[in-house]
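Step one of this worksheet: look at the structure below.
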Amino acid sequence: METDLNTIHIFKTNISAIESNCPAHYALNNHQNIAQWSVDCEDVDCVLRVVSETLKPQEIIKIISDLGFECQELS
């Protein structure tokens with residue numbers, strides 16, 4: 001099954017490492033409206049990709065910001 005490209009949200013963050021016990025890992029893994037996510041910690045922009053059919057970019061930014069990380073949508 002292909003992912004609808006309109007449901008992939010891409011952000012610049014300061015998440016430099018993601019461990020299984022990290023609050024961001026827990027929040028993203030356990031959010032009912034997030035189908036998939038990944039952080040490219042080797043990229044200079046620490047790019048976060050989130051697949052969600054229902055969440056808007058501003059909602060994802062709030063989730064990440066509330067965890068103490070910087071998050072900005074890339075277009």
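In the structure tokens, the first chain shown is A, the next is B, and so on; residue numbers restart at 1 for each chain, and ligands run from 1 in the order shown.
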Do you know which residues are at most 12 Å from His25 in chain A counting only C-alpha atoms, after dropping those on the same chain fewer than 3 positions away, and could you put them as JSON, numbers by chain?
-> {"A": [15, 17, 18, 19, 20, 21, 22, 28, 29, 30, 31, 34, 36, 37, 38, 39, 48, 63, 64, 67]}
Which residues come within 8 Å of Leu55 in chain A, counting only C-alpha atoms, excluding same-chain residues fewer than 4 positions away, as a list in words?
-> Asn33, Ile34, Glu59 and Ile60 of chain A
Any chance you could export the current selection's N, CA and C atoms as an mmCIF file, in the first residue's frame?
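Output (part18.cif):
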data_model
loop_
_atom_site.group_PDB
_atom_site.id
_atom_site.type_symbol
_atom_site.label_atom_id
_atom_site.label_comp_id
_atom_site.auth_asym_id
_atom_site.auth_seq_id
_atom_site.Cartn_x
_atom_site.Cartn_y
_atom_site.Cartn_z
ATOM 1 N N ASN A 33 -2.659 9.012 16.212
ATOM 2 C CA ASN A 33 -2.836 9.567 14.868
ATOM 3 C C ASN A 33 -1.559 9.600 14.043
ATOM 4 N N ILE A 34 -0.483 9.019 14.559
ATOM 5 C CA ILE A 34 0.773 8.955 13.818
ATOM 6 C C ILE A 34 0.987 7.522 13.349
ATOM 7 N N GLU A 59 0.001 20.944 14.825
ATOM 8 C CA GLU A 59 -0.211 20.020 15.943
ATOM 9 C C GLU A 59 1.052 19.208 16.224
ATOM 10 N N ILE A 60 1.737 18.805 15.172
ATOM 11 C CA ILE A 60 2.984 18.050 15.333
ATOM 12 C C ILE A 60 4.055 18.955 15.938
#
I'd like the neighbourhood of Asp40 in chain A as a PDB file with C-alpha atoms, in the first residue's frame, where a residue qualifies if any of its atoms comes within 12 Å (using only C-alpha atoms), though same-chain residues fewer than 6 positions away should be ignored.
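Written output follows (part.pdb):
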ATOM      1  CA  ILE A  10       8.562  17.129   7.183  1.00  0.00           C
ATOM      2  CA  PHE A  11      10.206  19.259   9.863  1.00  0.00           C
ATOM      3  CA  LYS A  12      13.578  20.715  10.798  1.00  0.00           C
ATOM      4  CA  THR A  13      14.328  19.910  14.453  1.00  0.00           C
ATOM      5  CA  ASN A  14      17.136  19.863  16.975  1.00  0.00           C
ATOM      6  CA  ILE A  15      16.544  16.195  17.850  1.00  0.00           C
ATOM      7  CA  SER A  16      20.151  15.028  17.554  1.00  0.00           C
ATOM      8  CA  ALA A  17      19.569  11.511  18.903  1.00  0.00           C
ATOM      9  CA  ILE A  18      16.508   9.365  19.421  1.00  0.00           C
ATOM     10  CA  CYS A  46      17.767  16.609  12.080  1.00  0.00           C
ATOM     11  CA  VAL A  47      14.809  16.050   9.749  1.00  0.00           C
ATOM     12  CA  LEU A  48      11.661  14.610  11.301  1.00  0.00           C
ATOM     13  CA  ARG A  49       9.188  12.900   8.970  1.00  0.00           C
ATOM     14  CA  VAL A  50       5.718  12.119  10.273  1.00  0.00           C
TER      15      VAL A  50
END
What is the distance, in Å and to one decimal place, between CA of Ile61 in chain A and CA of Tyr26 in chain A?
->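 About the pair CA of Ile61 in chain A and CA of Tyr26 in chain A: they are 15.7 Å apart.
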Enumerate, as a PyMOL selection string, the complete set of residues in range 3-75 of chain A that a backbone-based DSSP assignment places in alpha helix (DSSP H).
-> chain A and resi 23-29+57-66
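The space between CA of Asp66 in chain A and CA of Ala27 in chain A spans 10.5 Å.
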Residues of range 32-74 of chain A in strand (DSSP E), written as a PyMOL selection string | chain A and resi 36-40+47-51+71-73
Rank A:Asp43, A:Gln32, A:Ser52, A:Pro57 by their smallest atom-to-atom distance to Ser75 in chain A, using only C-alpha atoms, and report the top residue only.
-> A:Pro57
